[in-house]
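As provided, my_file_24.txt (compact mmCIF, C-alpha atoms) reads as follows.
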# COMPACT_ATOMS: atom_id res chain seq x y z
CA MET D 36 0.00 0.00 0.00
CA LEU D 37 2.81 2.42 0.90
CA ARG D 38 4.28 1.94 -2.57
CA HIS D 39 1.27 3.70 -4.11
CA ILE D 40 1.51 6.83 -1.95
CA PRO D 41 4.12 8.64 -4.12
CA ASN D 42 1.98 8.25 -7.26
CA LEU D 43 -1.12 9.35 -5.33
CA VAL D 44 0.72 12.50 -4.21
CA THR D 45 1.77 13.12 -7.82
CA VAL D 46 -1.80 12.78 -9.11
CA LEU D 47 -3.07 15.07 -6.35
CA ARG D 48 -0.55 17.70 -7.51
CA GLY D 49 -2.12 17.75 -10.95
CA VAL D 50 -5.64 17.85 -9.51
CA GLY D 51 -4.55 20.66 -7.19
CA GLY D 52 -3.41 22.64 -10.21
CA ILE D 53 -6.82 22.43 -11.83
CA VAL D 54 -8.73 23.22 -8.61
CA GLY D 55 -6.37 26.05 -7.67
CA ALA D 56 -6.54 27.63 -11.12
CA TRP D 57 -10.36 27.47 -11.00
CA LEU D 58 -10.31 29.21 -7.62
CA LEU D 59 -8.00 31.86 -9.04
CA LEU D 60 -10.48 32.52 -11.84
CA GLN D 61 -13.29 32.69 -9.28
CA SER D 62 -11.34 35.28 -7.30
CA ALA D 63 -11.08 37.50 -10.38
CA GLY D 64 -14.81 37.29 -11.02
CA ALA D 65 -16.06 37.52 -7.44
CA ALA D 66 -18.54 40.31 -6.77
CA LEU D 67 -17.47 40.81 -3.15
CA GLU D 68 -13.93 41.77 -2.20
CA GLU D 69 -13.96 39.42 0.80
CA THR D 70 -14.93 36.51 -1.44
CA ALA D 71 -12.26 37.44 -3.98
CA VAL D 72 -9.59 37.54 -1.26
CA PHE D 73 -10.74 34.19 0.15
CA TYR D 74 -10.57 32.49 -3.27
CA ALA D 75 -7.20 34.08 -4.08
CA VAL D 76 -5.64 33.08 -0.75
CA LEU D 77 -6.99 29.54 -1.08
CA SER D 78 -5.67 29.35 -4.65
CA GLY D 79 -2.25 30.54 -3.51
CA LEU D 80 -2.12 28.03 -0.66
CA ILE D 81 -3.10 25.21 -2.99
CA PHE D 82 -0.36 26.19 -5.43
CA VAL D 83 2.36 26.35 -2.76
CA THR D 84 1.26 23.04 -1.24
CA ALA D 85 1.07 21.35 -4.63
CA ALA D 86 4.47 22.73 -5.67
CA LEU D 87 6.03 21.35 -2.50
CA THR D 88 4.71 17.88 -3.36
CA ASP D 89 7.07 17.90 -6.35
CA TRP D 90 9.83 17.24 -3.82
CA LEU D 91 7.67 15.09 -1.54
CA ASP D 92 6.64 12.44 -4.06
CA GLY D 93 10.25 11.81 -5.07
CA TRP D 94 11.34 11.57 -1.44
CA LEU D 95 8.51 9.14 -0.67
CA ALA D 96 9.37 7.01 -3.70
CA ARG D 97 12.96 6.72 -2.49
CA ARG D 98 11.92 6.21 1.14
CA PHE D 99 9.53 3.35 0.32
CA SER D 100 11.66 1.97 -2.54
CA ALA D 101 8.64 2.68 -4.73
CA ALA D 102 10.26 4.31 -7.76
CA SER D 103 8.42 3.16 -10.88
CA SER D 104 8.20 3.89 -14.58
CA LEU D 105 4.60 5.04 -14.00
CA GLY D 106 5.77 7.51 -11.37
CA ALA D 107 8.56 8.73 -13.66
CA LEU D 108 5.94 9.39 -16.34
CA LEU D 109 3.29 10.94 -14.06
CA ASP D 110 5.64 13.31 -12.20
CA PRO D 111 6.47 15.67 -15.10
CA ILE D 112 2.86 15.51 -16.34
CA ALA D 113 1.59 16.61 -12.92
CA ASP D 114 4.11 19.49 -12.93
CA LYS D 115 2.91 20.58 -16.36
CA VAL D 116 -0.76 20.43 -15.34
CA LEU D 117 -0.05 22.41 -12.16
CA THR D 118 1.89 25.24 -13.78
CA GLY D 119 -0.04 25.19 -17.06
CA ALA D 120 -3.44 25.51 -15.36
CA TYR D 121 -2.31 28.55 -13.38
CA LEU D 122 -0.67 30.17 -16.40
CA VAL D 123 -3.89 29.73 -18.40
CA ALA D 124 -5.86 31.24 -15.50
CA TYR D 125 -3.51 34.25 -15.39
CA THR D 126 -3.89 34.66 -19.15
CA LEU D 127 -7.68 34.60 -18.93
CA ILE D 128 -7.63 37.10 -16.05
CA ALA D 129 -5.39 39.35 -18.15
CA GLY D 130 -8.00 39.25 -20.92
CA GLY D 131 -5.80 37.24 -23.27
CA ASN D 132 -3.12 39.95 -23.36
CA PRO D 133 -0.78 38.79 -26.18
CA ALA D 134 2.31 39.72 -24.15
CA LEU D 135 1.31 36.92 -21.76
CA ALA D 136 -0.70 34.65 -24.05
CA VAL D 137 2.18 34.07 -26.49
CA PRO D 138 4.76 32.76 -23.97
CA VAL D 139 2.06 30.74 -22.19
CA GLY D 140 1.11 29.22 -25.55
CA ILE D 141 4.77 28.36 -26.21
CA ILE D 142 5.06 26.69 -22.81
CA LEU D 143 1.86 24.69 -23.28
CA LEU D 144 2.77 23.62 -26.83
CA ARG D 145 6.22 22.46 -25.73
CA ASP D 146 4.75 20.53 -22.81
CA ILE D 147 2.21 18.81 -25.06
CA ILE D 148 4.90 17.87 -27.60
CA VAL D 149 7.36 16.54 -25.00
CA THR D 150 4.63 14.61 -23.20
CA GLY D 151 3.57 13.13 -26.55
CA VAL D 152 7.16 12.11 -27.30
CA ARG D 153 7.44 10.45 -23.90
CA LEU D 154 4.10 8.64 -24.27
CA ALA D 155 4.67 7.55 -27.88
CA GLY D 156 8.17 6.24 -27.27
CA PRO D 157 8.77 2.65 -26.24
CA PRO D 158 9.64 1.95 -22.60
CA ARG D 159 13.36 2.50 -22.34
CA SER D 160 15.94 1.36 -19.87
CA ASP D 161 18.68 3.68 -21.14
CA GLY D 162 17.05 6.86 -19.81
CA ALA D 163 16.56 8.38 -23.25
CA TYR D 164 13.44 10.19 -22.10
CA ALA D 165 14.49 10.74 -18.51
CA VAL D 166 13.85 14.20 -17.11
CA THR D 167 16.91 16.34 -17.84
CA ASN D 168 18.51 18.86 -15.50
CA ASP D 169 17.44 21.65 -17.86
CA ALA D 170 13.84 20.44 -17.65
CA LYS D 171 14.07 20.35 -13.84
CA ALA D 172 15.43 23.91 -13.82
CA LYS D 173 12.62 24.95 -16.17
CA THR D 174 10.03 23.44 -13.85
CA ALA D 175 11.53 25.10 -10.76
CA LEU D 176 11.70 28.51 -12.47
CA THR D 177 8.15 28.18 -13.79
CA MET D 178 6.84 27.33 -10.33
CA ILE D 179 8.59 30.40 -8.89
CA VAL D 180 7.20 32.63 -11.64
CA VAL D 181 3.68 31.25 -11.17
CA ALA D 182 3.89 31.85 -7.40
CA LEU D 183 5.27 35.38 -7.78
CA PRO D 184 1.94 37.24 -8.23
CA PHE D 185 0.68 35.69 -4.99
CA VAL D 186 3.86 36.74 -3.20
CA LEU D 187 3.82 40.28 -4.59
CA ILE D 188 0.19 40.87 -3.65
CA ALA D 189 0.77 39.39 -0.19
CA MET D 190 3.67 41.86 0.22
CA GLY D 191 1.33 44.75 -0.53
CA PHE D 192 2.01 45.29 -4.23
CA VAL D 193 -1.68 45.18 -5.03
CA ASP D 194 -1.55 47.43 -8.11
CA VAL D 195 -0.85 44.72 -10.68
CA ALA D 196 -0.15 47.28 -13.41
CA ASP D 197 3.02 48.32 -11.54
CA TRP D 198 4.70 44.95 -11.99
CA PHE D 199 2.66 43.04 -14.60
CA TYR D 200 5.04 43.47 -17.55
CA ILE D 201 8.11 42.77 -15.42
CA TRP D 202 6.45 39.53 -14.34
CA VAL D 203 5.52 38.77 -17.96
CA GLY D 204 9.26 39.05 -18.72
CA GLY D 205 9.73 36.17 -16.28
CA VAL D 206 7.11 34.16 -18.15
CA TRP D 207 9.02 34.82 -21.40
CA LEU D 208 12.19 33.58 -19.70
CA CYS D 209 10.33 30.41 -18.73
CA ALA D 210 9.16 30.03 -22.33
CA ALA D 211 12.73 30.34 -23.62
CA LEU D 212 14.01 27.77 -21.13
CA THR D 213 11.04 25.58 -22.00
CA VAL D 214 12.02 25.52 -25.67
CA TRP D 215 15.70 24.93 -24.81
CA SER D 216 14.88 22.04 -22.47
CA ALA D 217 12.76 20.34 -25.16
CA ILE D 218 15.75 19.86 -27.48
CA PRO D 219 17.18 16.72 -25.77
CA TYR D 220 13.78 15.00 -25.88
CA LEU D 221 13.31 15.81 -29.55
CA ARG D 222 16.86 14.64 -30.37
CA ALA D 223 16.27 11.37 -28.50
CA ALA D 224 12.97 10.84 -30.31
CA LEU D 225 14.58 11.52 -33.70
CA LYS D 226 17.49 9.21 -32.90
CA ASN D 227 15.15 6.40 -31.84
CA ASN D 228 13.00 6.83 -34.95
CA LEU D 229 16.06 6.56 -37.17
CA LYS D 230 17.11 3.24 -35.63
Please express what this file holds, its structure, as structure tokens.
Amino acid sequence: MLRHIPNLVTVLRGVGGIVGAWLLLQSAGAALEETAVFYAVLSGLIFVTAALTDWLDGWLARRFSAASSLGALLDPIADKVLTGAYLVAYTLIAGGNPALAVPVGIILLRDIIVTGVRLAGPPRSDGAYAVTNDAKAKTALTMIVVALPFVLIAMGFVDVADWFYIWVGGVWLCAALTVWSAIPYLRAALKNNLK
């Protein structure tokens, strides 16, 4: 039973992303300020908790000797769902502002392509589709960038217009790293298709 806990935590991270992003959207559309604050705080807490499980599920897998190919596949998917759902929510709240929508679209497209490559490829023992250090750095940076609006507002920077485009620059940085980190997966897929 304990061997299934890491994968359960991973799945809950993805579910948390969807629920948290929905709450974020509800906060933007709430008629009462108190309700908006409640939804926003709850959304922020869900994101932070879910982001921390990215470390927890790996630790639990090692602790219970429960590392599995399913867990290795689910972990990056859960990360993508978590960050992608929040980025989409931010984009919708920003009214589809192209400055934000374009990098978010790049991130989502890359994540769909890389996930497709990983799912379409045969099970491999040589680590050809293992998560790279660049991809891990991309995930960490994206989680920080997604959390930043919550942190800034909690610190009293409530006028989003003051920092929105600076933050969008961070999203563009994530998009650039996202494209860069996709290259090893695409090379591995091409190499395996040529064999």
Q: Up to 12 Å from (-5.5, 38.8, -19.9) in the file's coordinates: name the residues, counting only C-alpha atoms, as a PyMOL selection string.
A: chain D and resi 60+63+122-137+139+195-196+199-200+203
(Q) For a test of reading the model, state the distance in Å between atom CA of Asp89 of chain D and atom CA of Phe192 of chain D, rounded to one decimal. (A) 27.9 Å
Q) Could you pull the residues within 7 Å of segment 173-180 of chain D, counting only C-alpha atoms, minus those fewer than 3 positions along the same chain, as a ChimeraX atom specification? A) /D:86,118,169-170,183,205-206,209,212-213
So that I can check the surroundings of segment 143-158 of chain D, please list as a short mmCIF file (atom, residue, chain, number, x, y, z; two decimals) with C-alpha atoms, in the coordinates of the input every protein, DNA and RNA residue that reaches within 8 Å of it, counting only C-alpha atoms and ignoring chain neighbours fewer than 4 positions away.
data_model
loop_
_atom_site.label_atom_id
_atom_site.label_comp_id
_atom_site.auth_asym_id
_atom_site.auth_seq_id
_atom_site.Cartn_x
_atom_site.Cartn_y
_atom_site.Cartn_z
CA LEU D 108 5.94 9.39 -16.34
CA ILE D 112 2.86 15.51 -16.34
CA LYS D 115 2.91 20.58 -16.36
CA GLY D 119 -0.04 25.19 -17.06
CA VAL D 139 2.06 30.74 -22.19
CA TYR D 164 13.44 10.19 -22.10
CA THR D 213 11.04 25.58 -22.00
CA VAL D 214 12.02 25.52 -25.67
CA ALA D 217 12.76 20.34 -25.16
CA TYR D 220 13.78 15.00 -25.88
CA LEU D 221 13.31 15.81 -29.55
CA ALA D 224 12.97 10.84 -30.31
#
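Distance annotation: of D:Gly51, D:Gly140, D:Pro41, D:Pro184, the residue with the minimal separation from Trp198 of chain D is D:Pro184; atom set is all atoms listed in the file.
The gap separating atom CA of Ala172 of chain D from atom CA of Leu208 of chain D is 11.8 Å, in Å to one decimal.
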Q.
For a quick check of your reading of the model, name the residues lying within 12 Å of the coordinate (1.3, 2.2, -0.1), counting only C-alpha atoms, and write them as a PyMOL selection string.
A. chain D and resi 36-44+95-96+98-102
Q. Using all atoms listed in the file, which of the listed residues (D:Pro219, D:Trp57, D:Gly49, D:Gly79) sits closest to Leu187 of chain D?
A. D:Gly79
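Take the candidates D:Thr84, D:Thr45, D:Ser62, D:Ser103 and check each one against Val116 of chain D using all atoms listed in the file; the shortest distance goes to D:Thr45.
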Q) In Å, how far is it from atom CA of Ala107 of chain D to atom CA of Leu91 of chain D? A) 13.7 Å
